[in-house]
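S.K.: Okay, so here is my_file05.pdb, and as you'll see once you scroll down, it has PDB, C-alpha atoms.
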```
MODEL        1
ATOM      1  CA  MET J   1      50.048  74.306 -60.838
ATOM      2  CA  GLU J   2      53.313  72.942 -59.424
ATOM      3  CA  SER J   3      53.419  75.922 -57.040
ATOM      4  CA  ILE J   4      50.147  74.965 -55.320
ATOM      5  CA  ARG J   5      50.625  74.058 -51.660
ATOM      6  CA  TYR J   6      48.234  72.543 -49.122
ATOM      7  CA  SER J   7      48.292  72.975 -45.370
ATOM      8  CA  PRO J   8      47.934  69.720 -43.373
ATOM      9  CA  ARG J   9      44.333  70.646 -42.511
ATOM     10  CA  ARG J  10      43.382  71.363 -46.127
ATOM     11  CA  PHE J  11      45.301  68.330 -47.406
ATOM     12  CA  ALA J  12      43.398  66.043 -45.050
ATOM     13  CA  GLU J  13      40.115  67.726 -45.941
ATOM     14  CA  VAL J  14      40.606  67.228 -49.694
ATOM     15  CA  LEU J  15      41.369  63.551 -49.075
ATOM     16  CA  GLY J  16      38.282  63.188 -46.908
ATOM     17  CA  LEU J  17      40.341  62.494 -43.782
ATOM     18  CA  SER J  18      40.693  64.063 -40.377
ATOM     19  CA  GLN J  19      44.107  65.485 -39.511
ATOM     20  CA  GLN J  20      44.509  62.660 -37.009
ATOM     21  CA  GLU J  21      43.807  60.051 -39.697
ATOM     22  CA  LEU J  22      46.344  61.747 -41.967
ATOM     23  CA  ALA J  23      48.958  61.735 -39.197
ATOM     24  CA  GLU J  24      48.277  58.052 -38.478
ATOM     25  CA  ALA J  25      48.635  57.158 -42.168
ATOM     26  CA  GLU J  26      51.978  58.931 -42.273
ATOM     27  CA  SER J  27      53.193  57.365 -39.021
ATOM     28  CA  ARG J  28      52.598  53.842 -40.310
ATOM     29  CA  GLY J  29      54.387  54.664 -43.591
ATOM     30  CA  ALA J  30      51.293  54.544 -45.794
ATOM     31  CA  LEU J  31      52.156  57.874 -47.429
ATOM     32  CA  ALA J  32      55.266  58.788 -49.342
ATOM     33  CA  ARG J  33      57.090  61.660 -47.720
ATOM     34  CA  SER J  34      57.574  63.918 -50.726
ATOM     35  CA  ARG J  35      56.239  66.954 -48.911
ATOM     36  CA  SER J  36      57.830  70.349 -49.335
ATOM     37  CA  GLU J  37      59.103  72.326 -46.405
ATOM     38  CA  ALA J  38      58.284  76.025 -46.093
ATOM     39  CA  PRO J  39      61.013  78.447 -44.931
ATOM     40  CA  ALA J  40      59.486  78.474 -41.437
ATOM     41  CA  GLN J  41      59.639  74.641 -41.386
ATOM     42  CA  LYS J  42      55.859  74.436 -41.663
ATOM     43  CA  THR J  43      54.881  71.240 -43.463
ATOM     44  CA  LEU J  44      53.125  71.836 -46.776
ATOM     45  CA  TYR J  45      51.917  69.380 -49.393
ATOM     46  CA  THR J  46      52.035  69.557 -53.187
ATOM     47  CA  VAL J  47      49.550  68.402 -55.834
ATOM     48  CA  VAL J  48      51.907  65.470 -56.477
ATOM     49  CA  ASP J  49      51.603  64.529 -52.806
ATOM     50  CA  LEU J  50      47.840  64.642 -53.209
ATOM     51  CA  ALA J  51      47.895  62.186 -56.113
ATOM     52  CA  SER J  52      50.343  59.920 -54.267
ATOM     53  CA  ALA J  53      48.205  59.930 -51.139
ATOM     54  CA  ARG J  54      45.069  59.048 -53.105
ATOM     55  CA  ALA J  55      46.880  56.118 -54.694
ATOM     56  CA  ALA J  56      48.415  54.915 -51.437
ATOM     57  CA  LEU J  57      45.142  55.123 -49.508
ATOM     58  CA  ASP J  58      42.951  54.077 -52.464
ATOM     59  CA  ARG J  59      40.755  57.127 -52.045
ATOM     60  CA  HIS J  60      39.646  57.505 -55.646
ATOM     61  CA  PRO J  61      36.037  58.249 -56.569
ATOM     62  CA  PRO J  62      34.294  55.608 -58.695
ATOM     63  CA  ARG J  63      35.185  55.791 -62.393
ATOM     64  CA  ARG J  64      32.373  56.754 -64.709
ATOM     65  CA  PRO J  65      31.696  56.930 -68.452
ATOM     66  CA  LEU J  66      32.922  60.222 -69.874
ATOM     67  CA  ARG J  67      30.504  63.046 -69.061
ATOM     68  CA  LYS J  68      30.875  66.039 -71.398
ATOM     69  CA  GLN J  69      29.819  69.326 -69.831
ATOM     70  CA  LEU J  70      29.702  72.540 -71.843
ATOM     71  CA  PHE J  71      29.908  76.050 -70.348
ATOM     72  CA  LEU J  72      28.336  78.471 -72.819
ATOM     73  CA  ASN J  73      26.479  81.755 -72.964
ATOM     74  CA  PHE J  74      26.118  83.839 -76.113
ATOM     75  CA  LYS J  75      26.370  86.912 -73.877
ATOM     76  CA  GLY J  76      29.925  87.753 -72.804
ATOM     77  CA  GLY J  77      31.155  88.933 -69.422
ATOM     78  CA  THR J  78      29.292  86.389 -67.299
ATOM     79  CA  GLY J  79      32.409  84.849 -65.700
ATOM     80  CA  LYS J  80      31.991  81.602 -67.596
ATOM     81  CA  THR J  81      35.691  80.741 -67.814
ATOM     82  CA  SER J  82      36.444  81.398 -64.136
ATOM     83  CA  ILE J  83      33.570  79.100 -63.193
ATOM     84  CA  SER J  84      34.377  76.331 -65.677
ATOM     85  CA  THR J  85      38.091  76.109 -64.832
ATOM     86  CA  SER J  86      37.479  76.220 -61.083
ATOM     87  CA  TYR J  87      34.774  73.571 -61.449
ATOM     88  CA  ALA J  88      37.150  71.384 -63.474
ATOM     89  CA  PHE J  89      40.023  71.872 -61.034
ATOM     90  CA  ARG J  90      37.836  70.903 -58.096
ATOM     91  CA  LEU J  91      36.712  67.710 -59.862
ATOM     92  CA  ALA J  92      40.362  66.784 -60.449
ATOM     93  CA  GLU J  93      41.259  67.676 -56.868
ATOM     94  CA  MET J  94      38.545  65.249 -55.758
ATOM     95  CA  GLY J  95      40.270  62.501 -57.747
ATOM     96  CA  HIS J  96      38.243  62.493 -60.973
ATOM     97  CA  ARG J  97      40.048  62.290 -64.330
ATOM     98  CA  VAL J  98      39.261  65.605 -66.045
ATOM     99  CA  LEU J  99      39.957  67.048 -69.492
ATOM    100  CA  VAL J 100      39.392  70.771 -70.108
ATOM    101  CA  ILE J 101      38.829  71.735 -73.748
ATOM    102  CA  ASP J 102      39.471  75.415 -74.445
ATOM    103  CA  LEU J 103      37.308  76.434 -77.412
ATOM    104  CA  ASP J 104      38.019  80.173 -77.251
ATOM    105  CA  SER J 105      40.769  81.607 -79.478
ATOM    106  CA  GLN J 106      41.658  84.018 -76.654
ATOM    107  CA  GLY J 107      42.819  81.022 -74.617
ATOM    108  CA  HIS J 108      41.443  82.283 -71.320
ATOM    109  CA  ALA J 109      40.676  78.813 -69.943
ATOM    110  CA  SER J 110      44.247  77.817 -70.733
ATOM    111  CA  LYS J 111      45.557  80.889 -68.897
ATOM    112  CA  CYS J 112      43.348  80.184 -65.874
ATOM    113  CA  LEU J 113      45.007  76.761 -65.635
ATOM    114  CA  GLY J 114      48.500  78.226 -65.836
ATOM    115  CA  VAL J 115      49.128  77.350 -69.486
ATOM    116  CA  ALA J 116      50.258  79.860 -72.112
ATOM    117  CA  GLY J 117      48.048  78.822 -75.000
ATOM    118  CA  GLU J 118      49.979  80.950 -77.472
ATOM    119  CA  ASP J 119      52.959  78.628 -76.988
ATOM    120  CA  ALA J 120      50.967  75.474 -77.735
ATOM    121  CA  GLU J 121      52.110  73.642 -80.859
ATOM    122  CA  LYS J 122      48.676  72.122 -81.446
ATOM    123  CA  THR J 123      45.107  73.104 -80.559
ATOM    124  CA  LEU J 124      41.646  71.721 -81.144
ATOM    125  CA  PHE J 125      41.960  73.095 -84.687
ATOM    126  CA  ASP J 126      44.441  70.319 -85.468
ATOM    127  CA  ALA J 127      42.129  67.638 -84.104
ATOM    128  CA  ILE J 128      38.934  68.861 -85.772
ATOM    129  CA  ILE J 129      40.256  70.141 -89.105
ATOM    130  CA  LYS J 130      43.495  68.212 -89.658
ATOM    131  CA  LYS J 131      42.281  65.024 -87.938
ATOM    132  CA  THR J 132      45.257  64.894 -85.588
ATOM    133  CA  PRO J 133      44.418  62.372 -82.830
ATOM    134  CA  LEU J 134      43.159  64.339 -79.830
ATOM    135  CA  GLU J 135      45.590  62.573 -77.516
ATOM    136  CA  GLN J 136      48.424  64.260 -79.455
ATOM    137  CA  VAL J 137      46.914  67.685 -78.732
ATOM    138  CA  ILE J 138      46.323  67.146 -75.003
ATOM    139  CA  ILE J 139      48.879  68.634 -72.611
ATOM    140  CA  ARG J 140      49.380  68.248 -68.855
ATOM    141  CA  THR J 141      48.551  71.139 -66.550
ATOM    142  CA  GLY J 142      50.788  70.077 -63.671
ATOM    143  CA  MET J 143      47.751  69.084 -61.609
ATOM    144  CA  PRO J 144      47.441  65.279 -61.626
ATOM    145  CA  ASN J 145      44.200  64.127 -63.284
ATOM    146  CA  LEU J 146      43.702  67.522 -64.963
ATOM    147  CA  ASP J 147      44.619  67.725 -68.636
ATOM    148  CA  LEU J 148      43.998  70.424 -71.225
ATOM    149  CA  VAL J 149      43.336  70.892 -74.913
ATOM    150  CA  PRO J 150      44.812  74.416 -75.235
ATOM    151  CA  SER J 151      43.686  77.245 -77.460
ATOM    152  CA  ASN J 152      45.259  80.230 -79.180
ATOM    153  CA  LEU J 153      44.666  82.494 -82.177
ATOM    154  CA  THR J 154      44.908  79.575 -84.612
ATOM    155  CA  MET J 155      41.387  78.752 -83.437
ATOM    156  CA  SER J 156      39.995  82.039 -84.759
ATOM    157  CA  THR J 157      39.437  80.653 -88.286
ATOM    158  CA  ILE J 158      37.970  77.315 -87.297
ATOM    159  CA  ASP J 159      34.370  78.201 -88.241
ATOM    160  CA  LEU J 160      35.448  79.058 -91.789
ATOM    161  CA  SER J 161      37.454  75.842 -92.007
ATOM    162  CA  LEU J 162      34.480  73.798 -90.839
ATOM    163  CA  MET J 163      32.040  75.161 -93.420
ATOM    164  CA  PRO J 164      32.943  72.953 -96.418
ATOM    165  CA  LEU J 165      33.475  69.768 -94.402
ATOM    166  CA  ALA J 166      31.130  66.789 -94.399
ATOM    167  CA  ALA J 167      29.336  66.089 -91.092
ATOM    168  CA  ARG J 168      30.718  69.406 -89.868
ATOM    169  CA  GLU J 169      28.416  69.503 -86.822
ATOM    170  CA  PHE J 170      29.842  66.244 -85.466
ATOM    171  CA  ARG J 171      33.602  66.756 -85.851
ATOM    172  CA  LEU J 172      34.208  67.467 -82.150
ATOM    173  CA  ARG J 173      32.044  64.582 -80.981
ATOM    174  CA  ASN J 174      33.854  62.208 -83.324
ATOM    175  CA  CYS J 175      37.374  63.298 -82.413
ATOM    176  CA  MET J 176      36.592  62.752 -78.706
ATOM    177  CA  LYS J 177      35.688  59.091 -79.150
ATOM    178  CA  ASP J 178      39.272  57.866 -78.834
ATOM    179  CA  ILE J 179      39.784  59.453 -75.385
ATOM    180  CA  GLU J 180      36.446  58.515 -73.810
ATOM    181  CA  SER J 181      37.911  55.761 -71.629
ATOM    182  CA  SER J 182      40.672  58.040 -70.306
ATOM    183  CA  TYR J 183      38.532  60.594 -68.496
ATOM    184  CA  ASP J 184      35.510  60.877 -66.226
ATOM    185  CA  TYR J 185      34.655  64.460 -67.222
ATOM    186  CA  ALA J 186      35.336  66.704 -70.200
ATOM    187  CA  ILE J 187      34.753  70.372 -69.417
ATOM    188  CA  LEU J 188      34.288  72.486 -72.541
ATOM    189  CA  ASP J 189      34.771  76.232 -72.223
ATOM    190  CA  ALA J 190      33.158  77.990 -75.203
ATOM    191  CA  PRO J 191      33.445  81.566 -76.520
ATOM    192  CA  PRO J 192      30.411  83.875 -76.241
ATOM    193  CA  SER J 193      29.343  83.539 -79.861
ATOM    194  CA  PHE J 194      27.208  81.457 -82.171
ATOM    195  CA  GLY J 195      29.005  79.515 -84.868
ATOM    196  CA  LEU J 196      29.924  76.079 -86.108
ATOM    197  CA  LEU J 197      32.432  75.426 -83.320
ATOM    198  CA  ASN J 198      29.860  76.080 -80.605
ATOM    199  CA  LEU J 199      27.357  74.017 -82.565
ATOM    200  CA  ASN J 200      29.914  71.186 -82.460
ATOM    201  CA  ALA J 201      30.244  71.683 -78.715
ATOM    202  CA  LEU J 202      26.487  71.528 -78.207
ATOM    203  CA  MET J 203      26.252  68.366 -80.301
ATOM    204  CA  ALA J 204      29.010  66.737 -78.234
ATOM    205  CA  ALA J 205      27.737  67.725 -74.779
ATOM    206  CA  HIS J 206      25.640  65.829 -72.284
ATOM    207  CA  ASP J 207      25.091  68.840 -70.019
ATOM    208  CA  LEU J 208      24.930  72.567 -70.723
ATOM    209  CA  PHE J 209      25.924  75.103 -68.063
ATOM    210  CA  VAL J 210      24.753  78.656 -68.690
ATOM    211  CA  PRO J 211      26.382  81.195 -66.344
ATOM    212  CA  VAL J 212      24.332  84.395 -66.163
ATOM    213  CA  LEU J 213      24.473  87.659 -64.284
ATOM    214  CA  ALA J 214      21.502  88.726 -62.203
ATOM    215  CA  ASP J 215      20.413  91.442 -64.617
ATOM    216  CA  PHE J 216      17.724  91.613 -67.247
ATOM    217  CA  LEU J 217      20.198  91.746 -70.139
ATOM    218  CA  SER J 218      20.829  88.071 -69.409
ATOM    219  CA  PHE J 219      17.336  87.209 -70.599
ATOM    220  CA  HIS J 220      18.145  88.102 -74.181
ATOM    221  CA  GLY J 221      21.141  85.770 -74.268
ATOM    222  CA  LEU J 222      19.125  82.988 -72.654
ATOM    223  CA  LYS J 223      16.291  83.347 -75.152
ATOM    224  CA  LEU J 224      18.670  83.013 -78.112
ATOM    225  CA  LEU J 225      20.511  80.090 -76.540
ATOM    226  CA  PHE J 226      17.341  78.136 -75.756
ATOM    227  CA  GLU J 227      16.006  78.714 -79.260
ATOM    228  CA  THR J 228      19.289  77.417 -80.693
ATOM    229  CA  VAL J 229      19.277  74.286 -78.554
ATOM    230  CA  GLN J 230      15.621  73.641 -79.355
ATOM    231  CA  SER J 231      16.502  73.699 -83.042
ATOM    232  CA  LEU J 232      19.101  71.001 -82.376
ATOM    233  CA  GLU J 233      16.371  68.820 -80.929
ATOM    234  CA  GLU J 234      14.180  69.335 -83.961
ATOM    235  CA  ASP J 235      16.731  69.376 -86.793
ATOM    236  CA  LEU J 236      19.598  67.199 -85.554
ATOM    237  CA  GLU J 237      17.740  65.098 -82.969
ATOM    238  CA  HIS J 238      20.194  65.892 -80.191
ATOM    239  CA  VAL J 239      18.685  66.325 -76.730
ATOM    240  CA  LEU J 240      20.870  67.510 -73.884
ATOM    241  CA  ASP J 241      20.542  65.496 -70.696
ATOM    242  CA  HIS J 242      20.565  68.569 -68.477
ATOM    243  CA  ILE J 243      20.669  72.339 -68.673
ATOM    244  CA  PHE J 244      21.907  74.223 -65.631
ATOM    245  CA  ILE J 245      21.501  77.992 -65.364
ATOM    246  CA  VAL J 246      23.832  79.315 -62.683
ATOM    247  CA  ILE J 247      23.717  82.893 -61.430
ATOM    248  CA  ASN J 248      27.208  84.363 -61.061
ATOM    249  CA  ALA J 249      28.533  87.424 -59.210
ATOM    250  CA  TYR J 250      25.296  87.625 -57.224
ATOM    251  CA  ASN J 251      24.893  90.439 -54.711
ATOM    252  CA  ALA J 252      21.736  90.064 -52.642
ATOM    253  CA  THR J 253      21.926  93.693 -51.479
ATOM    254  CA  PHE J 254      21.079  94.910 -54.996
ATOM    255  CA  LYS J 255      17.365  95.171 -55.666
ATOM    256  CA  ILE J 256      17.840  94.596 -59.401
ATOM    257  CA  ALA J 257      19.738  91.364 -58.661
ATOM    258  CA  LYS J 258      16.952  89.993 -56.492
ATOM    259  CA  GLU J 259      14.327  90.933 -59.086
ATOM    260  CA  ALA J 260      16.313  89.310 -61.884
ATOM    261  CA  ARG J 261      16.748  86.128 -59.846
ATOM    262  CA  GLU J 262      13.007  85.996 -59.171
ATOM    263  CA  ALA J 263      12.312  86.408 -62.893
ATOM    264  CA  LEU J 264      14.711  83.582 -63.736
ATOM    265  CA  GLN J 265      13.002  81.383 -61.140
ATOM    266  CA  LYS J 266       9.645  82.157 -62.727
ATOM    267  CA  HIS J 267      10.609  81.549 -66.354
ATOM    268  CA  TYR J 268      13.261  78.806 -66.019
ATOM    269  CA  PRO J 269      12.374  76.832 -62.868
ATOM    270  CA  GLU J 270      13.447  73.465 -64.347
ATOM    271  CA  PHE J 271      16.921  74.718 -65.197
ATOM    272  CA  LEU J 272      17.906  77.348 -62.623
ATOM    273  CA  LEU J 273      20.226  76.048 -59.929
ATOM    274  CA  LYS J 274      19.243  76.923 -56.380
ATOM    275  CA  GLN J 275      22.844  77.666 -55.529
ATOM    276  CA  VAL J 276      24.192  81.026 -56.711
ATOM    277  CA  ILE J 277      27.823  82.103 -56.961
ATOM    278  CA  ARG J 278      28.227  85.225 -54.907
ATOM    279  CA  GLN J 279      30.226  88.249 -55.975
ATOM    280  CA  CYS J 280      33.851  87.475 -55.122
ATOM    281  CA  THR J 281      36.972  89.445 -56.051
ATOM    282  CA  LYS J 282      39.111  86.358 -55.465
ATOM    283  CA  PHE J 283      38.118  85.021 -58.905
ATOM    284  CA  ALA J 284      39.965  87.836 -60.689
ATOM    285  CA  GLN J 285      42.959  87.533 -58.366
ATOM    286  CA  ALA J 286      43.164  83.778 -58.931
ATOM    287  CA  SER J 287      42.939  84.192 -62.711
ATOM    288  CA  SER J 288      45.791  86.714 -62.661
ATOM    289  CA  GLU J 289      47.916  84.107 -60.866
ATOM    290  CA  GLY J 290      46.986  81.441 -63.436
ATOM    291  CA  ILE J 291      45.377  79.173 -60.848
ATOM    292  CA  PRO J 292      41.742  78.262 -60.064
ATOM    293  CA  ILE J 293      40.075  79.760 -57.016
ATOM    294  CA  PHE J 294      40.361  76.563 -54.964
ATOM    295  CA  ALA J 295      44.132  76.779 -55.225
ATOM    296  CA  TYR J 296      44.148  80.520 -54.523
ATOM    297  CA  ASP J 297      41.756  80.615 -51.562
ATOM    298  CA  ALA J 298      39.741  77.484 -50.816
ATOM    299  CA  GLU J 299      37.948  79.310 -47.981
ATOM    300  CA  SER J 300      36.647  82.145 -50.186
ATOM    301  CA  LYS J 301      32.977  82.662 -50.978
ATOM    302  CA  GLY J 302      33.656  81.839 -54.606
ATOM    303  CA  ALA J 303      35.255  78.476 -53.816
ATOM    304  CA  GLN J 304      32.506  77.558 -51.366
ATOM    305  CA  ASP J 305      29.830  78.412 -53.922
ATOM    306  CA  ILE J 306      31.500  76.463 -56.751
ATOM    307  CA  GLN J 307      31.608  73.454 -54.432
ATOM    308  CA  SER J 308      27.892  73.883 -53.676
ATOM    309  CA  VAL J 309      27.119  74.146 -57.405
ATOM    310  CA  LEU J 310      29.107  70.973 -58.034
ATOM    311  CA  ASP J 311      27.227  69.154 -55.256
ATOM    312  CA  GLU J 312      23.847  70.285 -56.569
ATOM    313  CA  VAL J 313      24.707  69.280 -60.131
ATOM    314  CA  ARG J 314      25.916  65.834 -59.083
ATOM    315  CA  ALA J 315      22.666  65.326 -57.166
ATOM    316  CA  ARG J 316      20.580  66.260 -60.211
ATOM    317  CA  ILE J 317      22.434  64.337 -62.919
ATOM    318  CA  GLY J 318      20.603  61.162 -63.838
ATOM    319  CA  ASP J 319      17.103  62.549 -64.388
ATOM    320  CA  PRO J 320      17.132  63.958 -67.953
ATOM    321  CA  VAL J 321      15.314  67.240 -68.539
ATOM    322  CA  LYS J 322      13.937  67.764 -72.032
ATOM    323  CA  LEU J 323      14.370  71.240 -73.422
ATOM    324  CA  LYS J 324      10.804  71.309 -74.683
ATOM    325  CA  LEU J 325       9.814  72.037 -71.081
ATOM    326  CA  ALA J 326      11.403  75.463 -71.565
ATOM    327  CA  ALA J 327       9.291  76.329 -74.623
ATOM    328  CA  GLY J 328       6.934  78.369 -72.502
ATOM    329  CA  ALA J 329       9.848  80.256 -70.989
ATOM    330  CA  VAL J 330      11.149  81.171 -74.420
ATOM    331  CA  GLU J 331       7.749  82.551 -75.359
ATOM    332  CA  ALA J 332       7.539  84.449 -72.088
ATOM    333  CA  THR J 333      10.735  86.355 -72.837
ATOM    334  CA  ARG J 334       9.804  87.442 -76.356
TER     335      ARG J 334
ENDMDL
END
```
Could you quickly redo this structure as structure tokens?
M.R.:
Amino acid sequence: MESIRYSPRRFAEVLGLSQQELAEAESRGALARSRSEAPAQKTLYTVVDLASARAALDRHPPRRPLRKQLFLNFKGGTGKTSISTSYAFRLAEMGHRVLVIDLDSQGHASKCLGVAGEDAEKTLFDAIIKKTPLEQVIIRTGMPNLDLVPSNLTMSTIDLSLMPLAAREFRLRNCMKDIESSYDYAILDAPPSFGLLNLNALMAAHDLFVPVLADFLSFHGLKLLFETVQSLEEDLEHVLDHIFIVINAYNATFKIAKEAREALQKHYPEFLLKQVIRQCTKFAQASSEGIPIFAYDAESKGAQDIQSVLDEVRARIGDPVKLKLAAGAVEATR
């Protein structure tokens, strides 16, 4: 993250300023001059400069009670981690205090944020099973306002370790209580499987994001996921505030993609986001660099679409949607 650089135009844009307003702030000494200089003497700004500028100009978004947002699909290969980490990075870039919780033993969310999870001394396993305070597990990513609970292979046995424990479905929710005042958003990136850890994540979450591909195989994963969440309503009395289905890697030139999108609109109209994330090779390139897409190419289709998803979600939060509205959709996909 420390290697991320902003051009003056992008730096001003992220701060919500014009380039002239940025120049005026610098000329009157309102901003600390900790900028880096490129070899060609072109002025560039770092993520530290961004945090300093927000503090100096008091351009922070309003603080909010912790909102826990889970990215989950029982079907793999939907691009869930690329979306969740880019979404989290963008929230932090906008000035929100964000914690990413990597629930997958493969540690892909950690890698996408430039952290080698295999080197982490502690993971969520320590917090949930050993009752280590979560603040002792959290590490810094190098991006101000963006922290991480890393993951590695020690997480692979967590479901077995949870089985004999009392209140096993609530361990994650309970261990997050001590950090609630420290963050505005917690972004949980879950593995594509059903087990006690993902059940914990569902019980902790306010909002559920379900990335899907525009193909008919996605319907099977959605059916199983909705049935699972409905059972939480009935058995554990936990109702998610919102469920957002987001179509990823969408290519409008494919007939099958358009047909699948129409089917999703028919069966899940209350949950399907209008904004899709178009097919974009920059996601894979950004992940290989260990940085989110906004840091790799903020002008790419992928970055633009993540921003549009974020805007649509923020507009919709506040009007809870009960999952029982989807009961008919579940039946329709049997």
S.K.: Using all atoms listed in the file, which of J:Ala88, J:Met163, J:Tyr268, J:Ala295 sits nearest J:Phe11?
M.R.: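 Looking at the shortest contact to J:Phe11, the residue is J:Ala295.
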S.K.: Let me make sure I understand: among J:Ser84, J:Gln136, J:Asn174, J:Asn73, which one has the smallest atom-to-atom distance to J:Leu213 if we use only C-alpha atoms?
M.R.: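 With only C-alpha atoms as the atom set, the closest residue is J:Asn73.
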S.K.: The PyMOL selection byres ((chain J and resi 172) around 7) - which residues does that actually catch in the file I just gave you? List them as a short mmCIF file (atom, residue, chain, number, x, y, z; two decimals) with C-alpha atoms, keeping the file's coordinate frame.
M.R.:
```
data_model
loop_
_atom_site.label_atom_id
_atom_site.label_comp_id
_atom_site.auth_asym_id
_atom_site.auth_seq_id
_atom_site.Cartn_x
_atom_site.Cartn_y
_atom_site.Cartn_z
CA ILE J 128 38.93 68.86 -85.77
CA PHE J 170 29.84 66.24 -85.47
CA ARG J 171 33.60 66.76 -85.85
CA ARG J 173 32.04 64.58 -80.98
CA ASN J 174 33.85 62.21 -83.32
CA CYS J 175 37.37 63.30 -82.41
CA MET J 176 36.59 62.75 -78.71
CA ASN J 200 29.91 71.19 -82.46
CA ALA J 201 30.24 71.68 -78.72
CA ALA J 204 29.01 66.74 -78.23
#
```
S.K.: Do you know which residues the PyMOL selection byres ((chain J and resi 195) around 12) returns on this file, as a list in words?
M.R.: Phe74, Leu103, Asp104, Ser156, Thr157, Ile158, Asp159, Leu160, Ser161, Leu162, Met163, Arg168, Glu169, Ala190, Pro191, Pro192, Ser193, Phe194, Leu196, Leu197, Asn198, Leu199, Asn200, Ala201, Leu202, Leu225 and Thr228 of chain J
S.K.: Extract, using all atoms listed in the file, all DNA, RNA and protein residues at most 8 Å from stretch 80-82 of chain J, discarding same-chain residues fewer than 4 positions from it, and format them as a PDB file with C-alpha atoms, in the frame of the given file.
M.R.:
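Output (result_14.pdb):
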```
ATOM      1  CA  PHE J  71      29.908  76.050 -70.348  1.00  0.00           C
ATOM      2  CA  LEU J  72      28.336  78.471 -72.819  1.00  0.00           C
ATOM      3  CA  ASN J  73      26.479  81.755 -72.964  1.00  0.00           C
ATOM      4  CA  SER J  86      37.479  76.220 -61.083  1.00  0.00           C
ATOM      5  CA  HIS J 108      41.443  82.283 -71.320  1.00  0.00           C
ATOM      6  CA  ALA J 109      40.676  78.813 -69.943  1.00  0.00           C
ATOM      7  CA  CYS J 112      43.348  80.184 -65.874  1.00  0.00           C
ATOM      8  CA  ASP J 189      34.771  76.232 -72.223  1.00  0.00           C
ATOM      9  CA  VAL J 210      24.753  78.656 -68.690  1.00  0.00           C
ATOM     10  CA  PRO J 211      26.382  81.195 -66.344  1.00  0.00           C
ATOM     11  CA  PHE J 283      38.118  85.021 -58.905  1.00  0.00           C
ATOM     12  CA  SER J 287      42.939  84.192 -62.711  1.00  0.00           C
ATOM     13  CA  PRO J 292      41.742  78.262 -60.064  1.00  0.00           C
TER      14      PRO J 292
END
```
S.K.: Given all atoms listed in the file as the basis, pick out the residue of J:Ala263, J:Leu224, J:Ile101, J:Leu17 nearest to J:Leu113.
M.R.: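 Smallest separation from J:Leu113 among the options: J:Ile101.
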S.K.: Where does the PyMOL selection byres ((chain J and resi 316) around 12) land in this file, that is, which residues does it pick, as a PyMOL selection string?
M.R.: chain J and resi 207+241-244+270-274+309-315+317-321
S.K.: Just the residues within 10 Å of J:Ala92, please, counting only C-alpha atoms, with nothing from its chain fewer than 3 positions along; format it as a list in words.
M.R.: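 The residues satisfying every condition are Ala51, Ser86, Tyr87, Ala88, Phe89, Gly95, His96, Arg97, Val98, Leu99, Met143, Pro144, Asn145, Leu146, Asp147, Asp184 and Tyr185 of chain J.
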S.K.: Draw an axis-aligned box tight on the listed atoms of stretch 220-229 of chain J, then pad every side by 3 Å and write out centre and edge lengths in Å to one decimal as AutoDock Vina command-line options.
M.R.:
```
--center_x 18.6 --center_y 81.2 --center_z -76.7 --size_x 11.1 --size_y 19.8 --size_z 14.0
```
S.K.: Might you pull out every residue within 10 Å of J:Asp119, with all atoms listed in the file counted and same-chain residues fewer than 5 positions away left off, and present them as a ChimeraX atom specification?
M.R.: /J:150-152
S.K.: What does the structure give for the distance between atom CA of J:Ile138 and atom CA of J:Met1, in Å to one decimal?
M.R.: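 Those two atoms sit 16.3 Å apart.
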S.K.: Name the closest residue to J:Asp49 among the candidates J:Arg28, J:Phe219, J:Glu13, J:Arg5; distances are taken between atoms, counting all atoms listed in the file.
M.R.: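 Looking at the shortest contact to J:Asp49, the residue is J:Arg5.
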S.K.: Show which residues sit within 10 Å of J:Leu50, as a PyMOL selection string. Count all atoms listed in the file, and ignore same-chain residues fewer than 2 positions away.
M.R.: chain J and resi 5-6+11-12+14-15+31+35+45-48+52-56+93-95+143-144
S.K.: Please report the interatomic distance between atom CA of J:Lys111 and atom CA of J:Gln304 in Å with one decimal.
M.R.: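 Those two atoms sit 22.1 Å apart.
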S.K.: Just the number, please: distance in Å from atom CA of J:Ala116 to atom CA of J:Arg140, one decimal.
M.R.: 12.1 Å
S.K.: Considering only C-alpha atoms, state which residue in the set J:Glu118, J:Glu289, J:Glu233, J:Asp215 is at the smallest distance from J:Glu262.
M.R.: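 So, comparing all the options, the nearest one is J:Asp215.
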S.K.: Let me make sure I understand: among J:Gly142, J:Leu222, J:Arg90, J:Leu66, which one has the smallest atom-to-atom distance to J:Ala298 if we use all atoms listed in the file?
M.R.: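 Nearest candidate to J:Ala298 out of J:Gly142, J:Leu222, J:Arg90, J:Leu66: J:Arg90.
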S.K.: If we count only C-alpha atoms and set the cut-off at 8 Å, which residues sit around J:Thr123, ignoring sequence neighbours fewer than 2 positions away in its own chain? Please answer as an MDAnalysis selection string.
M.R.: chainID J and resid 120:121 125:127 137 149:152 154:155
S.K.: Take the residues from that selection and write them out as a compact mmCIF listing (two decimals), in the frame of the given file, keeping C-alpha atoms.
M.R.:
```txt
# COMPACT_ATOMS: atom_id res chain seq x y z
CA ALA J 120 50.97 75.47 -77.74
CA GLU J 121 52.11 73.64 -80.86
CA PHE J 125 41.96 73.10 -84.69
CA ASP J 126 44.44 70.32 -85.47
CA ALA J 127 42.13 67.64 -84.10
CA VAL J 137 46.91 67.68 -78.73
CA VAL J 149 43.34 70.89 -74.91
CA PRO J 150 44.81 74.42 -75.24
CA SER J 151 43.69 77.24 -77.46
CA ASN J 152 45.26 80.23 -79.18
CA THR J 154 44.91 79.58 -84.61
CA MET J 155 41.39 78.75 -83.44
```
